[in-house]
Every structure is written in C-alpha cells, then in structure tokens.
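K.L.:
Dropping in structure31.cif, which is mmCIF, C-alpha atoms:
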data_coords
loop_
_atom_site.label_atom_id
_atom_site.label_comp_id
_atom_site.auth_asym_id
_atom_site.auth_seq_id
_atom_site.Cartn_x
_atom_site.Cartn_y
_atom_site.Cartn_z
CA MET U 9 -14.05 -7.51 -4.76
CA ASP U 10 -17.31 -8.54 -6.39
CA GLU U 11 -18.83 -11.94 -6.95
CA ARG U 12 -19.88 -13.56 -10.16
CA ILE U 13 -23.49 -13.90 -11.12
CA ASP U 14 -24.54 -17.49 -11.59
CA LEU U 15 -25.39 -17.58 -15.29
CA THR U 16 -24.97 -21.31 -15.76
CA ALA U 17 -28.69 -21.69 -16.43
CA LEU U 18 -27.98 -19.97 -19.73
CA GLU U 19 -25.58 -22.67 -20.84
CA ALA U 20 -26.73 -25.36 -23.21
CA ASP U 21 -27.13 -28.70 -21.48
CA GLU U 22 -25.55 -31.88 -22.84
CA ALA U 23 -28.61 -32.97 -24.82
CA GLN U 24 -28.96 -29.51 -26.32
CA ARG U 25 -25.29 -29.50 -27.25
CA GLU U 26 -25.44 -32.86 -28.98
CA LEU U 27 -28.55 -31.86 -30.89
CA MET U 28 -26.90 -28.67 -32.07
CA VAL U 29 -23.71 -30.48 -33.12
CA ALA U 30 -25.74 -33.09 -35.00
CA ALA U 31 -27.83 -30.42 -36.73
CA VAL U 32 -24.75 -28.44 -37.74
CA MET U 33 -22.92 -31.49 -39.07
CA LEU U 34 -26.00 -32.59 -41.02
CA ARG U 35 -26.30 -29.19 -42.66
CA ALA U 36 -22.54 -29.01 -43.22
CA ARG U 37 -22.39 -32.27 -45.15
CA GLY U 38 -22.99 -30.72 -48.57
CA GLU U 39 -20.40 -28.00 -48.11
CA LEU U 40 -17.84 -30.46 -46.75
CA GLU U 41 -18.39 -32.77 -49.71
CA ARG U 42 -18.02 -29.85 -52.09
CA ARG U 43 -14.78 -28.84 -50.40
CA GLY U 44 -13.46 -32.39 -50.39
CA GLY U 45 -14.09 -32.83 -54.09
CA GLU U 46 -13.28 -29.46 -55.52
CA ASP U 47 -10.08 -28.47 -57.27
CA VAL U 48 -7.88 -26.49 -54.97
CA SER U 49 -7.03 -22.88 -55.73
CA PRO U 50 -4.38 -22.06 -58.37
CA ILE U 51 -2.12 -20.68 -55.65
CA ALA U 52 -2.38 -23.91 -53.68
CA VAL U 53 -1.67 -25.96 -56.80
CA LEU U 54 1.28 -23.75 -57.63
CA SER U 55 2.72 -23.95 -54.13
CA ASP U 56 2.31 -27.73 -54.12
CA TRP U 57 4.00 -27.95 -57.50
CA MET U 58 6.79 -25.44 -56.81
CA ARG U 59 8.65 -27.38 -54.16
CA PRO U 60 9.12 -30.69 -56.06
CA ALA U 61 9.77 -28.75 -59.28
CA LEU U 62 12.53 -26.77 -57.63
CA ALA U 63 14.01 -29.92 -56.15
CA ALA U 64 13.92 -31.63 -59.53
CA ALA U 65 15.53 -28.60 -61.18
CA ALA U 66 18.30 -28.64 -58.59
CA VAL U 67 18.99 -32.34 -59.22
CA ILE U 68 19.01 -31.86 -63.00
CA ALA U 69 21.35 -28.88 -62.67
CA ALA U 70 23.72 -30.86 -60.46
CA VAL U 71 23.76 -33.81 -62.89
CA CYS U 72 24.28 -31.53 -65.90
CA MET U 73 27.12 -29.67 -64.20
CA SER U 74 28.79 -32.91 -63.31
CA VAL U 75 28.48 -34.32 -66.86
CA LEU U 76 29.59 -31.08 -68.52
CA THR U 77 32.58 -30.72 -66.24
CA GLN U 78 33.67 -34.30 -66.94
CA ARG U 79 33.27 -33.86 -70.70
CA GLU U 80 35.11 -30.55 -70.70
CA LEU U 81 37.97 -31.88 -68.66
CA ALA U 82 38.16 -35.25 -70.46
CA HIS U 83 40.12 -33.89 -73.42
CA VAL U 84 42.44 -31.77 -71.31
CA GLU U 85 45.96 -33.09 -71.16
CA PRO U 86 47.43 -33.80 -67.74
CA GLY U 87 49.40 -30.91 -66.35
CA THR U 88 47.19 -28.29 -67.97
CA GLY U 89 46.19 -25.48 -65.62
CA LEU U 90 42.63 -24.95 -64.54
CA THR U 91 42.30 -21.68 -66.43
CA ASP U 92 43.53 -23.41 -69.59
CA ALA U 93 41.14 -26.26 -69.04
CA LEU U 94 38.27 -23.85 -68.64
CA GLU U 95 39.57 -21.91 -71.66
CA VAL U 96 39.93 -18.65 -69.80
CA PRO U 97 41.39 -16.08 -72.23
CA ALA U 98 45.11 -15.51 -71.73
CA PRO U 99 44.92 -11.80 -70.90
CA MET U 100 42.32 -12.49 -68.25
CA ASN U 101 44.52 -15.23 -66.88
CA GLU U 102 47.34 -12.72 -66.54
CA TRP U 103 45.12 -10.27 -64.71
CA LEU U 104 43.98 -13.01 -62.38
CA ILE U 105 47.55 -14.10 -61.66
CA SER U 106 48.78 -10.54 -61.12
CA ASP U 107 45.64 -9.81 -59.04
CA ARG U 108 44.95 -6.47 -60.68
CA SER U 109 42.05 -4.86 -62.47
CA PRO U 110 42.50 -4.35 -66.22
CA THR U 111 42.97 -0.81 -67.47
CA VAL U 112 41.18 0.56 -70.50
CA ALA U 113 44.36 0.02 -72.49
CA ASP U 114 44.54 -3.64 -71.39
CA LEU U 115 40.97 -4.17 -72.53
CA LEU U 116 41.61 -2.56 -75.91
CA ILE U 117 44.71 -4.70 -76.45
CA ALA U 118 42.85 -7.85 -75.44
CA MET U 119 40.00 -7.05 -77.83
CA ASP U 120 42.46 -6.38 -80.61
CA ARG U 121 44.17 -9.73 -80.04
CA GLY U 122 40.81 -11.47 -79.96
CA ALA U 123 39.85 -9.91 -83.27
CA ASN U 124 43.06 -11.15 -84.86
CA MET R 19 -16.86 -21.05 -20.35
CA ARG R 20 -13.52 -21.44 -22.06
CA PRO R 21 -13.27 -23.24 -25.39
CA VAL R 22 -13.85 -26.92 -24.77
CA ASP R 23 -10.53 -28.73 -25.09
CA ILE R 24 -11.30 -31.34 -27.73
CA GLY R 25 -8.81 -33.10 -29.93
CA GLY R 26 -5.79 -31.16 -28.70
CA GLU R 27 -5.06 -29.86 -32.18
CA SER R 28 -4.62 -26.18 -32.92
CA ASP R 29 -7.44 -24.17 -34.44
CA ALA R 30 -5.20 -23.25 -37.34
CA ARG R 31 -4.61 -26.87 -38.26
CA LEU R 32 -8.28 -27.79 -37.89
CA VAL R 33 -9.35 -24.83 -40.01
CA ARG R 34 -6.92 -25.78 -42.75
CA ARG R 35 -8.22 -29.34 -42.77
CA ALA R 36 -11.85 -28.24 -42.69
CA ARG R 37 -11.12 -26.07 -45.71
CA GLU R 38 -10.19 -29.25 -47.54
CA GLY R 39 -13.49 -30.85 -46.54
CA ASP R 40 -12.37 -32.78 -43.46
CA GLY R 41 -15.60 -33.24 -41.51
CA SER R 42 -13.88 -34.53 -38.36
CA SER R 43 -11.82 -31.36 -38.07
CA PHE R 44 -14.87 -29.19 -38.56
CA GLU R 45 -16.79 -31.15 -35.93
CA ILE R 46 -13.98 -30.61 -33.42
CA LEU R 47 -14.19 -26.88 -34.08
CA VAL R 48 -17.97 -26.99 -33.61
CA ARG R 49 -17.69 -28.82 -30.30
CA ARG R 50 -14.84 -26.62 -29.12
CA TYR R 51 -16.71 -23.37 -29.70
CA LEU R 52 -20.35 -24.36 -29.31
CA ASN R 53 -20.63 -23.04 -25.76
CA MET R 54 -18.98 -19.78 -26.67
CA ALA R 55 -21.20 -19.36 -29.72
CA TYR R 56 -24.31 -20.15 -27.72
CA ALA R 57 -23.41 -17.63 -25.02
CA VAL R 58 -22.78 -14.94 -27.62
CA ALA R 59 -26.11 -15.68 -29.30
CA LEU R 60 -27.94 -15.62 -25.98
CA ALA R 61 -26.40 -12.27 -25.21
CA GLU R 62 -28.22 -10.88 -28.21
CA LEU R 63 -31.41 -12.95 -28.28
CA ALA R 64 -34.07 -13.44 -25.67
CA ASP R 65 -35.13 -16.86 -26.84
CA ALA R 66 -33.07 -20.02 -26.38
CA ARG R 67 -34.47 -21.60 -29.54
CA ASP R 68 -33.57 -18.55 -31.58
CA ALA R 69 -30.09 -18.67 -30.07
CA GLU R 70 -29.74 -22.32 -31.10
CA ASP R 71 -30.81 -21.51 -34.64
CA ALA R 72 -28.40 -18.58 -34.78
CA VAL R 73 -25.55 -20.82 -33.59
CA GLN R 74 -26.29 -23.44 -36.24
CA ASP R 75 -26.57 -20.86 -38.98
CA SER R 76 -23.33 -19.25 -37.83
CA PHE R 77 -21.33 -22.47 -37.99
CA ILE R 78 -22.64 -23.15 -41.49
CA THR R 79 -21.80 -19.60 -42.55
CA ALA R 80 -18.35 -20.00 -41.03
CA LEU R 81 -17.79 -23.20 -43.00
CA GLU R 82 -18.96 -21.62 -46.23
CA ARG R 83 -16.69 -18.62 -45.68
CA LEU R 84 -13.77 -20.49 -44.20
CA ASP R 85 -11.48 -19.27 -46.95
CA GLU R 86 -12.13 -15.70 -45.76
CA CYS R 87 -10.71 -16.48 -42.32
CA ARG R 88 -7.34 -14.81 -42.92
CA ASP R 89 -5.78 -15.95 -39.68
CA PRO R 90 -6.91 -19.51 -38.92
CA ALA R 91 -5.29 -19.28 -35.49
CA ALA R 92 -7.77 -16.50 -34.68
CA PHE R 93 -10.76 -18.62 -35.69
CA ALA R 94 -12.54 -18.08 -32.36
CA GLY R 95 -12.70 -14.29 -32.69
CA TRP R 96 -13.73 -14.57 -36.33
CA LEU R 97 -16.50 -17.03 -35.43
CA ARG R 98 -17.63 -14.82 -32.56
CA ARG R 99 -18.22 -11.94 -34.97
CA ILE R 100 -20.22 -14.19 -37.28
CA VAL R 101 -22.40 -15.39 -34.40
CA ARG R 102 -22.96 -11.88 -33.11
CA ASN R 103 -23.92 -10.58 -36.53
CA ARG R 104 -26.21 -13.50 -37.15
CA ALA R 105 -27.90 -13.12 -33.75
CA ARG R 106 -28.42 -9.41 -34.33
CA SER R 107 -29.94 -10.15 -37.68
CA VAL R 108 -32.35 -12.61 -36.07
CA ARG R 109 -33.17 -10.08 -33.35
CA ARG R 110 -34.03 -7.43 -35.90
CA ARG R 111 -36.23 -9.90 -37.73
CA GLU R 112 -37.92 -10.94 -34.49
CA LYS R 113 -38.63 -7.34 -33.57
CA ILE R 114 -40.37 -6.81 -36.85
CA ARG R 115 -42.37 -10.00 -36.38
CA GLU R 116 -43.37 -9.04 -32.84
CA THR R 117 -44.52 -5.65 -34.01
CA ASP R 118 -46.63 -7.30 -36.69
CA SER R 119 -48.35 -9.67 -34.29
CA LEU R 120 -48.67 -7.91 -30.95
CA GLU R 121 -52.12 -9.35 -30.38
CA SER R 122 -50.72 -12.90 -30.21
CA ALA R 123 -48.15 -12.00 -27.56
CA GLY R 124 -49.92 -14.02 -24.89
CA SER R 125 -49.33 -17.33 -26.63
CA ALA R 126 -45.69 -16.45 -27.30
CA ALA R 127 -45.02 -16.47 -23.56
CA THR R 128 -45.60 -20.22 -23.42
CA PRO R 129 -42.42 -22.11 -22.47
CA ARG R 130 -40.86 -23.70 -25.52
CA ASP R 131 -39.33 -26.62 -23.70
CA PRO R 132 -42.18 -28.08 -21.63
CA GLY R 133 -40.34 -31.39 -21.30
CA GLY R 134 -37.25 -29.80 -19.79
CA ASP R 135 -36.34 -28.94 -16.24
CA LEU R 136 -38.97 -26.36 -15.29
CA SER R 137 -36.93 -24.61 -12.61
CA ARG R 138 -33.96 -24.31 -14.93
CA SER R 139 -36.23 -23.01 -17.66
CA GLU R 140 -37.75 -20.50 -15.29
CA LEU R 141 -34.35 -19.38 -14.09
CA ARG R 142 -33.18 -19.09 -17.66
CA ARG R 143 -36.16 -16.94 -18.56
CA SER R 144 -35.59 -14.79 -15.49
CA LEU R 145 -31.94 -14.38 -16.42
CA GLN R 146 -32.76 -13.53 -19.98
CA ALA R 147 -35.35 -11.01 -18.88
CA ALA R 148 -32.90 -9.46 -16.46
CA LEU R 149 -30.16 -9.38 -19.07
CA GLY R 150 -32.60 -7.69 -21.39
CA THR R 151 -32.73 -4.68 -19.09
CA LEU R 152 -28.98 -4.08 -19.34
CA THR R 153 -27.30 -1.96 -21.94
CA GLU R 154 -25.75 -3.89 -24.79
CA VAL R 155 -22.20 -3.39 -23.58
CA GLN R 156 -23.11 -4.29 -19.99
CA ARG R 157 -24.75 -7.48 -21.20
CA ARG R 158 -21.75 -8.42 -23.30
CA VAL R 159 -19.31 -7.72 -20.50
CA VAL R 160 -21.18 -9.67 -17.84
CA LEU R 161 -21.73 -12.65 -20.15
CA MET R 162 -18.14 -12.69 -21.32
CA HIS R 163 -16.85 -12.50 -17.76
CA ASP R 164 -19.31 -14.49 -15.70
CA LEU R 165 -20.44 -17.04 -18.28
CA GLU R 166 -17.59 -17.41 -20.74
CA GLY R 167 -14.78 -16.89 -18.23
CA TYR R 168 -12.91 -14.09 -19.96
CA ARG R 169 -10.67 -11.83 -17.89
CA HIS R 170 -11.08 -8.06 -17.73
CA ARG R 171 -8.08 -7.46 -19.96
CA GLU R 172 -9.30 -9.92 -22.59
CA ILE R 173 -12.75 -8.33 -22.65
CA ALA R 174 -11.17 -4.89 -22.99
CA LEU R 175 -9.21 -6.10 -26.00
CA GLU R 176 -12.19 -7.85 -27.55
CA LEU R 177 -14.56 -4.90 -27.14
CA ASP R 178 -11.87 -2.28 -27.68
CA ILE R 179 -12.62 -0.37 -24.49
CA PRO R 180 -10.38 0.46 -21.48
CA GLU R 181 -10.04 -2.20 -18.80
CA GLY R 182 -11.38 0.23 -16.19
CA THR R 183 -14.51 0.66 -18.27
CA VAL R 184 -14.93 -3.11 -18.40
CA ARG R 185 -14.77 -3.26 -14.59
CA SER R 186 -17.29 -0.47 -14.33
CA HIS R 187 -19.72 -2.10 -16.74
CA LEU R 188 -19.32 -5.40 -14.93
CA PHE R 189 -20.04 -3.80 -11.56
CA PHE R 190 -23.21 -2.05 -12.69
CA ALA R 191 -24.40 -5.05 -14.71
CA ARG R 192 -24.04 -7.36 -11.72
CA ARG R 193 -25.76 -4.91 -9.42
CA ALA R 194 -28.69 -4.58 -11.83
CA LEU R 195 -28.96 -8.35 -12.24
CA ARG R 196 -28.86 -8.95 -8.49
CA GLU R 197 -31.58 -6.43 -7.92
CA GLN R 198 -33.81 -8.30 -10.33
CA LEU R 199 -32.82 -11.86 -9.55
CA GLY R 200 -32.42 -11.67 -5.79
CA ASP R 201 -30.36 -14.51 -4.35
CA ALA R 202 -30.77 -16.71 -7.42
CA GLY R 203 -27.85 -15.16 -9.20
CA ASN R 204 -25.18 -15.55 -6.52
CA ARG R 205 -22.57 -18.15 -7.33
CA GLY R 206 -20.38 -17.24 -4.38
CA GLN R 207 -17.26 -17.25 -6.54
CA SER R 208 -14.65 -14.60 -6.14
CA ASP R 209 -14.05 -12.14 -8.92
CA GLY R 210 -11.26 -12.92 -11.40
#
Represent the structure of the file as structure tokens.

P.N.:
Amino acid sequence: MDERIDLTALEADEAQRELMVAAVMLRARGELERRGGEDVSPIAVLSDWMRPALAAAAVIAAVCMSVLTQRELAHVEPGTGLTDALEVPAPMNEWLISDRSPTVADLLIAMDRGAN
Amino acid sequence: MRPVDIGGESDARLVRRAREGDGSSFEILVRRYLNMAYAVALAELADARDAEDAVQDSFITALERLDECRDPAAFAGWLRRIVRNRARSVRRREKIRETDSLESAGSAATPRDPGGDLSRSELRRSLQAALGTLTEVQRRVVLMHDLEGYRHREIALELDIPEGTVRSHLFFARRALREQLGDAGNRGQSDG
C-alpha cells in the first residue's frame, strides 16, 4: 500500500480554465464557421441521399406492381387459372402441376411447339 | 482527474456534431478534456504557460483534424496523443531556445504569475522541478495515476506496458518525489 502524491497544485484553477476555454473557442471560430458552411463529403451526401431514394424506389415499385397486376388481370375471364392469367406456357404448367423437372426431351418438344 | 462530466452526451455524438461546425458541441469537448490535456502537457513541459499554449494549440489541431479521428468514441485517447506530441514539440523548441540564450537564464526564473497565489505557484514550481528529475515513463505514470486518476490497468493499456511495470514505476516515482518534496506531497489518500 502506497499513498498518492498531492499533485493538485499542477491542476489549472478555475480562472485559468475559463481563460483557456475562451482562448480555444476564439481561435476555433474560423474553423467552426468553415465546417458549418462547407459542402459535406460525397460519401455523406450519398448516404443521406441513398435512404430516401431507396424508400422512393420501393414505393414506386409497389405502385407499379399493383397497377401492372390489375391491368394484366383485368382482361382475364373469370374462372381462368392463375397460370393462364400470367400466361405461363402450357408445357411449363404441366411440369408445375406434375411437380417434376423437365427432361431434355421435354425441353426440345416445348421449344419445337413454341417455334410452330 | 477524470473527464469532467459536462453535457451528458457521448464523445462520439459531440465529435460528429463538431465536425459539422457545431461550436457548442466542441466547447463541451474542450471543457470535458481540458484538465486531462493540461495534465498531459504539464507532464512534458516545465512551464505552466507553455503547457497552456500547448493545450490551446492541441484543441485547435484536434478540431482541424477532426475528420481523421476514426473512432469518435475514442476521442480522449486521440486528443491525448495530439497534446503529447504538441507538448514535446514545444519542449524541443524550448530546449533550443534555452541553449541559444543561456546568459539570460537568471531572468527566466522570474515567476510568470506574480498576481497568483504565491504558495501555490511555489509548490507548482517545486512539483515541476521534482517531476523533471523523473524518467519520462515514471513522470507519465505518476501523473496519470495521482493527478488524472487512472487505474494501474488503464495506464498499462495506455502506455502498452505490463501492469506490474506500472506499479513499479509508480512506486519509484513517488519515492523520488517524496524525497524532493518532503511532506508537501502527501495527500494521505490510499492507493487505488
């Protein structure tokens, strides 16, 4: 166990402190003004811009999807299946219904039908 | 001498605002770390006025280079390095000046704050003279522990030396200071 040395005489007193703060703030004024008025860095601008831009893009995408879906489905007669409404090719519809992967032969046949 | 609790806002937040030119945030940082900066400067410089100048210069440098402070939450350590470097630079300059004008050394011994508390000034000069006899690492350790209030482990981390070495430096630094200061340096506070 040892005891501390009293070094408090080294500390700045209140008046000294206030003078130092005032001197620093006076000298800092120019730099603070420069910082307050300057254009922010490109990265900062980009990051500020990115978030609202992404939000706007998401809203536009949602609206577009909604409109397109309504327009696509508007001319579909009642009772038509979803795959028909979305104009999924018939062979693909069959594969989806039978829940199997198409073979090479299936693909060739489908391409041949499409060409005709 | 822990950072003065002013404003209650985190350093990181204040640094970010100061970067944008917010003077109030910068002033809070100045007030929060003024004591620490002054103690660090005094550890390097023998003269209180030089220490004050070094502190002021350091805060201005810190503001100008605020964008280089990669981790705003670690502002204190970053500022400490700026103050230490600045104080060392002043010390080197002072040494050169003293060498150039040795014949005028008598007038340089005149107290610079004649209007201040004489006993405090005398004690300060005695302390600074005594600290001047320590090795650099001893001086840093004793100031960080006994003036700034750092714990052994924190000093070890800051100076990148083992904790046992910190204790050893502290022991020998205190013993050397006591020998030179007599009873004036005893605070009567238990070690922490």

K.L.:
With only C-alpha atoms considered, list every residue of chain R at most 9 Å from chain U, as JSON, numbers by chain.

P.N.:
{"R": [19, 36, 37, 38, 39, 40, 41, 44, 45, 48, 49, 52, 53, 56, 57, 60, 66, 70, 71, 73, 74, 75, 77, 78, 81, 82, 138, 139, 141, 142, 143, 145, 146, 160, 161, 163, 164, 165, 189, 192, 195, 196, 202, 203, 204, 205, 206, 207, 208, 209, 210]}

K.L.:
Any chance you could export the current selection's C-alpha atoms as a CSV table (one decimal), keeping the file's coordinate frame?

P.N.:
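Below you can see result.csv, which holds the result:
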chain,number,residue,atom,x,y,z
R,19,MET,CA,-16.9,-21.0,-20.4
R,36,ALA,CA,-11.8,-28.2,-42.7
R,37,ARG,CA,-11.1,-26.1,-45.7
R,38,GLU,CA,-10.2,-29.2,-47.5
R,39,GLY,CA,-13.5,-30.8,-46.5
R,40,ASP,CA,-12.4,-32.8,-43.5
R,41,GLY,CA,-15.6,-33.2,-41.5
R,44,PHE,CA,-14.9,-29.2,-38.6
R,45,GLU,CA,-16.8,-31.2,-35.9
R,48,VAL,CA,-18.0,-27.0,-33.6
R,49,ARG,CA,-17.7,-28.8,-30.3
R,52,LEU,CA,-20.4,-24.4,-29.3
R,53,ASN,CA,-20.6,-23.0,-25.8
R,56,TYR,CA,-24.3,-20.2,-27.7
R,57,ALA,CA,-23.4,-17.6,-25.0
R,60,LEU,CA,-27.9,-15.6,-26.0
R,66,ALA,CA,-33.1,-20.0,-26.4
R,70,GLU,CA,-29.7,-22.3,-31.1
R,71,ASP,CA,-30.8,-21.5,-34.6
R,73,VAL,CA,-25.6,-20.8,-33.6
R,74,GLN,CA,-26.3,-23.4,-36.2
R,75,ASP,CA,-26.6,-20.9,-39.0
R,77,PHE,CA,-21.3,-22.5,-38.0
R,78,ILE,CA,-22.6,-23.2,-41.5
R,81,LEU,CA,-17.8,-23.2,-43.0
R,82,GLU,CA,-19.0,-21.6,-46.2
R,138,ARG,CA,-34.0,-24.3,-14.9
R,139,SER,CA,-36.2,-23.0,-17.7
R,141,LEU,CA,-34.4,-19.4,-14.1
R,142,ARG,CA,-33.2,-19.1,-17.7
R,143,ARG,CA,-36.2,-16.9,-18.6
R,145,LEU,CA,-31.9,-14.4,-16.4
R,146,GLN,CA,-32.8,-13.5,-20.0
R,160,VAL,CA,-21.2,-9.7,-17.8
R,161,LEU,CA,-21.7,-12.6,-20.2
R,163,HIS,CA,-16.8,-12.5,-17.8
R,164,ASP,CA,-19.3,-14.5,-15.7
R,165,LEU,CA,-20.4,-17.0,-18.3
R,189,PHE,CA,-20.0,-3.8,-11.6
R,192,ARG,CA,-24.0,-7.4,-11.7
R,195,LEU,CA,-29.0,-8.4,-12.2
R,196,ARG,CA,-28.9,-9.0,-8.5
R,202,ALA,CA,-30.8,-16.7,-7.4
R,203,GLY,CA,-27.8,-15.2,-9.2
R,204,ASN,CA,-25.2,-15.6,-6.5
R,205,ARG,CA,-22.6,-18.2,-7.3
R,206,GLY,CA,-20.4,-17.2,-4.4
R,207,GLN,CA,-17.3,-17.2,-6.5
R,208,SER,CA,-14.6,-14.6,-6.1
R,209,ASP,CA,-14.0,-12.1,-8.9
R,210,GLY,CA,-11.3,-12.9,-11.4

K.L.:
In Å, rounded to a single decimal, give me how far CA of Ala147 (chain R) is from CA of Ile179 (chain R).

P.N.:
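Separation of CA of Ile179 (chain R) and CA of Ala147 (chain R): 25.7 Å.
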
K.L.:
Hey, can you check how far CA of Asp107 (chain U) sits from CA of Thr77 (chain U)?

P.N.:
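Interatomic distance here is 25.7 Å.
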
K.L.:
For Met162 (chain R), which of R:Arg111, R:Arg67, R:Arg106, R:Arg98 is the closest residue, counting only C-alpha atoms?

P.N.:
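Smallest distance to Met162 (chain R) is found for R:Arg98.
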
K.L.:
Residues near Asp68 (chain R), anyone? I mean within 10 Å using all atoms listed in the file, not counting same-chain ones fewer than 3 positions away, as a PyMOL selection string.

P.N.:
chain R and resi 59-60+62-65+71-74+105+108-109+112

K.L.:
So what do you get for CA of Arg193 (chain R) versus CA of Ala61 (chain R), distance-wise?

P.N.:
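Between CA of Arg193 (chain R) and CA of Ala61 (chain R) the gap is 17.4 Å.
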
K.L.:
As lines of an AutoDock Vina configuration file, please: the centre and edge lengths in Å, to one decimal, of an axis-aligned box enclosing every listed atom of region 99-104 of chain R with 4 Å added on each side.

P.N.:
center_x = -22.2
center_y = -13.0
center_z = -35.2
size_x = 16.0
size_y = 12.8
size_z = 12.2

K.L.:
Considering all atoms listed in the file, state which residue in the set R:Leu97, R:Val58, R:Leu188, R:Val155 is at the smallest distance from His170 (chain R).

P.N.:
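Closest to His170 (chain R) of all the choices is R:Leu188.
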
K.L.:
Could you name the residues that touch Thr111 (chain U) at 12 Å or less, counting only C-alpha atoms, but leaving out those on the same chain fewer than 6 positions away, as number ranges by chain?

P.N.:
U: 99-100, 103, 117-118

K.L.:
Quick one: of R:Arg157, R:Tyr51, R:Leu199, R:Ser137, who's nearest to Trp96 (chain R), counting all atoms listed in the file?

P.N.:
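Of R:Arg157, R:Tyr51, R:Leu199, R:Ser137, the one nearest Trp96 (chain R), counting all atoms listed in the file, is R:Tyr51.
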